[in-house]
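**Student:** So here's model_39.csv (CSV, C-alpha atoms).
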```csv
chain,number,residue,atom,x,y,z
A,234,MET,CA,-58.1,4.5,-83.2
A,235,SER,CA,-60.6,6.5,-81.2
A,236,TYR,CA,-60.5,9.8,-83.1
A,237,GLU,CA,-59.6,10.8,-86.7
A,238,LEU,CA,-59.2,14.1,-88.5
A,239,ILE,CA,-58.5,14.5,-92.2
A,240,PHE,CA,-57.4,17.6,-94.1
A,241,ASP,CA,-56.8,18.4,-97.8
A,242,VAL,CA,-53.9,20.6,-98.7
A,243,LYS,CA,-53.6,22.1,-102.2
A,244,ARG,CA,-50.4,23.0,-104.0
A,245,GLY,CA,-49.3,26.6,-103.7
A,246,ASP,CA,-51.9,27.4,-101.0
A,247,PHE,CA,-49.6,29.4,-98.7
A,248,ASP,CA,-52.3,31.7,-97.4
A,249,THR,CA,-54.3,28.9,-95.7
A,250,ALA,CA,-51.4,26.6,-95.1
A,251,GLY,CA,-50.9,26.1,-91.4
A,252,GLU,CA,-54.7,25.8,-91.0
A,253,ALA,CA,-54.6,22.0,-90.7
A,254,SER,CA,-51.8,22.1,-88.2
A,255,ARG,CA,-53.7,24.7,-86.1
A,256,LYS,CA,-56.8,22.6,-86.1
A,257,ILE,CA,-54.8,19.5,-85.1
A,258,LYS,CA,-53.2,21.5,-82.3
A,259,ARG,CA,-56.6,22.7,-81.0
A,260,THR,CA,-58.0,19.2,-81.1
A,261,LEU,CA,-55.1,17.7,-79.2
A,262,GLN,CA,-55.5,20.5,-76.6
A,263,GLN,CA,-59.2,19.7,-76.2
A,264,LEU,CA,-58.3,16.0,-75.8
A,265,GLY,CA,-55.9,16.9,-73.0
A,266,VAL,CA,-52.7,15.8,-74.7
A,267,SER,CA,-49.5,17.1,-73.0
A,268,ASN,CA,-48.0,20.4,-74.2
A,269,LYS,CA,-44.7,18.6,-75.0
A,270,VAL,CA,-46.4,16.1,-77.4
A,271,ILE,CA,-48.5,18.9,-78.9
A,272,ARG,CA,-45.4,20.9,-79.7
A,273,LYS,CA,-43.8,17.9,-81.5
A,274,VAL,CA,-47.0,17.1,-83.5
A,275,SER,CA,-47.4,20.8,-84.3
A,276,ILE,CA,-43.9,21.1,-85.7
A,277,ALA,CA,-44.1,17.9,-87.7
A,278,GLY,CA,-47.6,18.6,-88.9
A,279,TYR,CA,-46.7,22.1,-90.1
A,280,GLU,CA,-43.7,20.9,-91.9
A,281,GLY,CA,-45.7,18.2,-93.6
A,282,GLU,CA,-48.4,20.7,-94.5
A,283,MET,CA,-45.9,23.1,-96.0
A,284,ASN,CA,-44.2,20.4,-97.9
A,285,LEU,CA,-47.6,19.5,-99.5
A,286,ALA,CA,-48.1,23.2,-100.4
A,287,ILE,CA,-44.6,23.7,-101.7
A,288,HIS,CA,-43.6,20.4,-103.4
A,289,SER,CA,-46.6,18.2,-104.0
A,290,SER,CA,-49.4,18.4,-106.5
A,291,GLY,CA,-51.8,18.2,-103.5
A,292,GLY,CA,-52.3,15.8,-100.7
A,293,LYS,CA,-53.9,14.9,-97.4
A,294,ILE,CA,-53.1,15.0,-93.7
A,295,LEU,CA,-54.6,12.3,-91.5
A,296,LEU,CA,-54.4,12.4,-87.7
A,297,GLU,CA,-55.4,9.3,-85.8
A,298,VAL,CA,-55.6,9.5,-82.0
A,299,GLY,CA,-55.2,6.4,-80.0
A,300,GLU,CA,-54.8,5.8,-76.3
A,301,GLU,CA,-51.1,5.2,-76.5
A,302,GLU,CA,-50.0,7.0,-79.6
A,303,LEU,CA,-50.9,9.6,-82.2
A,304,VAL,CA,-50.4,8.8,-85.9
A,305,LEU,CA,-49.9,11.6,-88.4
A,306,THR,CA,-49.9,10.5,-92.0
A,307,ILE,CA,-49.0,13.0,-94.8
A,308,GLU,CA,-49.8,11.6,-98.2
A,309,ASP,CA,-49.7,13.2,-101.7
A,310,SER,CA,-50.3,12.2,-105.3
A,311,GLY,CA,-47.0,13.3,-106.7
A,312,PRO,CA,-44.5,14.1,-108.1
A,313,GLY,CA,-42.6,11.7,-105.7
A,314,ILE,CA,-39.0,11.9,-104.4
A,315,ALA,CA,-36.3,10.4,-106.5
A,316,ASN,CA,-33.6,10.1,-103.8
A,317,ILE,CA,-35.1,9.9,-100.3
A,318,ASP,CA,-31.6,9.9,-98.6
A,319,LEU,CA,-30.8,13.2,-100.2
A,320,ALA,CA,-34.2,14.7,-99.4
A,321,MET,CA,-33.6,13.7,-95.7
A,322,THR,CA,-30.3,15.6,-95.7
A,323,ALA,CA,-30.6,18.8,-93.6
A,324,GLY,CA,-30.1,21.8,-95.9
A,325,TRP,CA,-31.0,20.1,-99.1
A,326,SER,CA,-34.0,21.4,-100.9
A,327,THR,CA,-35.5,21.7,-104.4
A,328,ALA,CA,-37.6,24.7,-103.4
A,329,GLY,CA,-37.6,27.6,-105.9
A,330,ASP,CA,-36.5,31.2,-105.2
A,331,GLU,CA,-40.0,32.6,-104.6
A,332,VAL,CA,-40.6,30.0,-101.9
A,333,ARG,CA,-37.2,30.6,-100.3
A,334,GLN,CA,-37.8,34.3,-100.1
A,335,MET,CA,-40.8,33.5,-97.9
A,336,GLY,CA,-38.5,31.7,-95.5
A,337,PHE,CA,-39.3,28.2,-96.7
A,338,GLY,CA,-37.0,25.8,-98.5
A,339,ALA,CA,-34.3,25.6,-95.9
A,340,GLY,CA,-34.1,21.9,-96.4
A,341,MET,CA,-35.2,21.2,-92.8
A,342,GLY,CA,-38.8,20.1,-93.3
A,343,LEU,CA,-38.2,16.3,-93.4
A,344,PRO,CA,-35.4,16.4,-90.8
A,345,ASN,CA,-37.7,18.4,-88.5
A,346,MET,CA,-40.4,15.8,-88.9
A,347,LYS,CA,-38.1,12.9,-88.2
A,348,ASN,CA,-36.6,14.7,-85.1
A,349,ASN,CA,-40.0,15.3,-83.6
A,350,ALA,CA,-41.7,12.0,-84.3
A,351,ASP,CA,-41.0,8.9,-82.1
A,352,ASN,CA,-41.3,6.8,-85.3
A,353,PHE,CA,-40.9,8.1,-88.8
A,354,GLN,CA,-41.4,6.2,-92.0
A,355,ILE,CA,-41.2,7.7,-95.5
A,356,SER,CA,-41.9,6.0,-98.8
A,357,SER,CA,-42.0,7.5,-102.3
A,358,LYS,CA,-42.3,6.7,-105.9
A,359,VAL,CA,-41.6,9.1,-108.7
A,360,GLY,CA,-44.7,9.7,-110.7
A,361,GLU,CA,-47.0,8.3,-108.0
A,362,GLY,CA,-46.4,10.2,-104.7
A,363,THR,CA,-45.0,10.3,-101.2
A,364,LYS,CA,-46.3,8.9,-98.0
A,365,ILE,CA,-45.0,9.8,-94.5
A,366,VAL,CA,-46.2,8.1,-91.4
A,367,MET,CA,-45.2,9.6,-88.0
A,368,LYS,CA,-46.1,8.1,-84.7
A,369,PHE,CA,-46.0,10.0,-81.4
A,370,LEU,CA,-46.2,8.4,-78.0
A,371,VAL,CA,-48.7,10.1,-75.7
B,252,MET,CA,-41.5,41.5,-69.3
B,253,LYS,CA,-45.0,41.9,-70.6
B,254,VAL,CA,-45.8,43.0,-74.2
B,255,SER,CA,-47.5,46.1,-72.8
B,256,GLU,CA,-44.2,47.1,-71.0
B,257,LEU,CA,-42.3,46.7,-74.2
B,258,LEU,CA,-44.8,49.0,-75.9
B,259,GLU,CA,-44.1,51.7,-73.3
B,260,ASN,CA,-40.8,52.2,-75.3
B,261,LYS,CA,-41.8,54.5,-78.1
B,262,GLU,CA,-39.5,52.7,-80.5
B,263,PHE,CA,-42.2,50.0,-80.6
B,264,LYS,CA,-45.7,50.1,-82.0
B,265,CYS,CA,-48.4,47.4,-82.0
B,266,LEU,CA,-49.9,47.1,-85.5
B,267,ASN,CA,-53.0,45.2,-84.2
B,268,PRO,CA,-53.9,46.8,-80.9
B,269,GLN,CA,-57.2,44.8,-80.8
B,270,VAL,CA,-55.2,41.8,-79.4
B,271,GLY,CA,-54.2,41.1,-75.8
B,272,ILE,CA,-50.9,42.7,-74.8
B,273,GLU,CA,-50.5,41.4,-71.3
B,274,GLY,CA,-48.7,38.2,-72.4
B,275,VAL,CA,-45.3,37.7,-70.8
B,276,ILE,CA,-42.2,37.6,-73.0
B,277,GLN,CA,-40.2,34.7,-71.6
B,278,SER,CA,-37.4,34.6,-74.2
B,279,GLY,CA,-36.4,36.1,-77.5
B,280,TYR,CA,-35.6,34.6,-80.9
B,281,VAL,CA,-34.4,36.0,-84.2
B,282,GLY,CA,-34.7,34.1,-87.5
B,283,ASP,CA,-36.2,34.3,-90.9
B,284,LEU,CA,-36.0,30.6,-92.0
B,285,LEU,CA,-39.4,29.3,-90.8
B,286,SER,CA,-38.3,25.7,-90.4
B,287,TRP,CA,-35.3,26.7,-88.4
B,288,VAL,CA,-37.5,28.9,-86.2
B,289,MET,CA,-40.0,26.0,-85.9
B,290,ALA,CA,-37.3,23.7,-84.7
B,291,ASN,CA,-35.6,26.0,-82.2
B,292,ALA,CA,-37.7,28.9,-80.9
B,293,GLY,CA,-39.2,28.5,-77.5
B,294,ASN,CA,-42.8,28.8,-76.4
B,295,GLY,CA,-43.6,32.3,-75.0
B,296,CYS,CA,-40.8,34.0,-76.9
B,297,ALA,CA,-40.7,37.4,-78.7
B,298,TRP,CA,-39.7,36.5,-82.3
B,299,ALA,CA,-38.0,39.1,-84.4
B,300,THR,CA,-38.2,38.4,-88.2
B,301,ILE,CA,-38.3,40.3,-91.4
B,302,GLN,CA,-40.7,37.8,-92.8
B,303,THR,CA,-44.1,39.5,-93.0
B,304,HIS,CA,-46.4,37.0,-94.8
B,305,VAL,CA,-49.3,35.2,-93.2
B,306,ASN,CA,-47.4,32.1,-92.5
B,307,ILE,CA,-45.5,33.8,-89.6
B,308,ILE,CA,-48.7,33.7,-87.7
B,309,ALA,CA,-49.0,29.9,-88.2
B,310,VAL,CA,-45.5,29.5,-86.8
B,311,ALA,CA,-46.2,31.9,-83.9
B,312,THR,CA,-49.5,30.2,-83.1
B,313,LEU,CA,-48.1,26.7,-83.2
B,314,LEU,CA,-45.2,27.6,-81.0
B,315,GLU,CA,-47.4,29.7,-78.7
B,316,MET,CA,-45.2,32.7,-79.1
B,317,THR,CA,-46.0,35.8,-77.1
B,318,CYS,CA,-45.5,38.3,-79.9
B,319,VAL,CA,-43.8,38.9,-83.3
B,320,ILE,CA,-41.5,41.9,-83.7
B,321,ILE,CA,-40.9,43.2,-87.3
B,322,PRO,CA,-37.7,45.2,-87.3
B,323,GLU,CA,-36.4,48.0,-89.6
B,324,GLY,CA,-39.9,49.1,-90.5
B,325,ALA,CA,-40.6,46.3,-92.9
B,326,GLU,CA,-44.2,46.6,-94.1
B,327,VAL,CA,-46.6,43.9,-92.8
B,328,GLU,CA,-49.2,42.5,-95.1
B,329,GLU,CA,-52.9,43.1,-94.3
B,330,SER,CA,-53.7,39.4,-94.4
B,331,THR,CA,-51.0,38.8,-91.8
B,332,LEU,CA,-52.5,41.4,-89.4
B,333,GLU,CA,-56.0,39.9,-90.0
B,334,ARG,CA,-54.8,36.4,-89.1
B,335,ALA,CA,-52.9,37.8,-86.1
B,336,ILE,CA,-56.1,39.3,-84.7
B,337,ILE,CA,-57.9,36.0,-85.1
B,338,GLU,CA,-55.0,34.2,-83.3
B,339,ASP,CA,-54.5,36.9,-80.7
B,340,ILE,CA,-50.8,37.4,-81.6
B,341,PRO,CA,-49.4,41.0,-81.2
B,342,ILE,CA,-47.5,42.2,-84.2
B,343,ILE,CA,-45.0,44.9,-83.2
B,344,THR,CA,-43.2,47.1,-85.6
B,345,THR,CA,-40.0,49.1,-84.9
B,346,GLY,CA,-37.5,51.1,-86.9
B,347,LEU,CA,-34.7,49.4,-84.9
B,348,ASN,CA,-32.8,46.4,-86.3
B,349,ALA,CA,-33.0,42.9,-84.8
B,350,TYR,CA,-29.8,43.4,-82.9
B,351,GLU,CA,-31.0,46.6,-81.3
B,352,VAL,CA,-34.3,44.9,-80.4
B,353,CYS,CA,-32.3,42.1,-78.7
B,354,LYS,CA,-30.4,44.6,-76.7
B,355,ILE,CA,-33.6,46.1,-75.4
B,356,LEU,CA,-35.0,42.7,-74.5
B,357,GLY,CA,-31.7,41.7,-72.9
B,358,ASN,CA,-31.5,44.9,-70.9
B,359,ALA,CA,-35.0,44.2,-69.6
B,360,GLY,CA,-33.8,40.9,-68.2
B,361,ILE,CA,-35.0,38.5,-70.9
```
Could you write out this structure as structure tokens?
**Tutor:**
Amino acid sequence: MSYELIFDVKRGDFDTAGEASRKIKRTLQQLGVSNKVIRKVSIAGYEGEMNLAIHSSGGKILLEVGEEELVLTIEDSGPGIANIDLAMTAGWSTAGDEVRQMGFGAGMGLPNMKNNADNFQISSKVGEGTKIVMKFLV
Amino acid sequence: MKVSELLENKEFKCLNPQVGIEGVIQSGYVGDLLSWVMANAGNGCAWATIQTHVNIIAVATLLEMTCVIIPEGAEVEESTLERAIIEDIPIITTGLNAYEVCKILGNAGI
């Protein structure tokens, strides 16, 4: 990979959440990536960032830029997802009322990521954490 | 239709007049579920939402929206306006409801 960016996202940090996605977007614009790909990475990145803020005990976002693809990795240190198939179901969410009132927790985060990535891999272990790797062709 | 032309209608007021208002509104979108908006709103749209917290600016910026319209006089948080100034997104308030906003945008050819 020719370029890498890494961001920390804390649990409950809604006021700055979106910051990593904005920086990723600006970087891709500076690198001359097409608007179509930037939109996909922005949507997937924002969903990942918000998932870290809403659901995880904190995590990281890593962007790797290669000549043929971009790889976005969202990794956290817990609590993990017990049933990934259920979590991937549109409309299913464990978000609480407070978060839902802010317009989050629609159960669309993971499906939005999958729909926008050219390749989507998720692995999770309860008590350990979740790792999502998304690839985007450029 | 430019944002400045929308603001000629006295029903609408820009809450952060420091930002540029010459952006062209290419389409409209109404929604309060942020993931749904992320998935479906178009670039260059005017987005009507009653969400007023700072994350609406992240959504508007990432989707390159032209402006955000807050209907029915919902109060907008100061942190949202501060972020909107940094990101150059006009935040427009109106006493109209979202449907009435859409009628005005539609009548303007959007």
**Student:** B:Ala309, B:Ala292, B:Ile355, B:Val281: which is nearest Met252 in chain B, counting all atoms listed in the file?
**Tutor:** B:Ile355
**Student:** Find the residues of chain A in contact range of chain B, meaning any atom within 12 Å when counting all atoms listed in the file, and list them as JSON, numbers by chain.
**Tutor:** {"A": [246, 247, 248, 249, 250, 251, 252, 253, 254, 255, 256, 257, 258, 259, 262, 268, 269, 271, 272, 273, 274, 275, 276, 277, 278, 279, 280, 281, 282, 283, 284, 286, 323, 324, 332, 333, 334, 335, 336, 337, 338, 339, 340, 341, 342, 343, 344, 345, 346, 347, 348, 349]}
**Student:** Rounded to one decimal place, report the CA of Val270 in chain B-CA of Met316 in chain B distance in Å.
**Tutor:**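 Computing it gives 13.5 Å between the two atoms.
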**Student:** Name all residues at most 9 Å from range 339-347 of chain B (count all atoms listed in the file; drop same-chain ones fewer than 3 positions away) and give them as a ChimeraX atom specification.
**Tutor:** /B:254,258,261-272,308,311-312,315-327,332,334-336,350-352
**Student:** Counting all atoms listed in the file, which residues come within 9 Å of (-40.4, 5.5, -92.3), with the point read in the file's coordinates, and could you list them as a PyMOL selection string?
**Tutor:** chain A and resi 347+352-356+364-367
**Student:** So which one's closest to Ala328 in chain A, A:Ile287, A:Leu296, A:Leu264, A:Val242? Using only C-alpha atoms, please.
**Tutor:**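 The closest residue to Ala328 in chain A is A:Ile287.
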**Student:** Please measure the separation of CA of Ser326 in chain A and CA of Leu305 in chain A, giving the value in Å to one decimal.
**Tutor:**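 Between CA of Ser326 in chain A and CA of Leu305 in chain A the gap works out to 22.5 Å.
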**Student:** In Å, rounded to a single decimal, give me how far CA of Phe369 in chain A is from CA of Gly265 in chain A.
**Tutor:**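 Distance between the two atoms: 14.7 Å.
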**Student:** Restricting the calculation to all atoms listed in the file: of B:Glu328, B:Ala349, B:Leu257, B:Lys354, which residue gets closest to Val275 in chain B?
**Tutor:**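 Closest to Val275 in chain B, using all atoms listed in the file: B:Leu257.
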**Student:** Determine, counting only C-alpha atoms, which protein, DNA and RNA residues have an atom within 9 Å of an atom of Leu370 in chain A; residues of the same chain fewer than 2 positions away are not included. Present the result as a ChimeraX atom specification.
**Tutor:** /A:270,301-304,350-352,368
**Student:** Contacts of range 312-320 of chain A at 7 Å or less, counting only C-alpha atoms, minus same-chain residues fewer than 4 places along, as a ChimeraX atom specification?
**Tutor:** /A:289-290,325-326,357-363
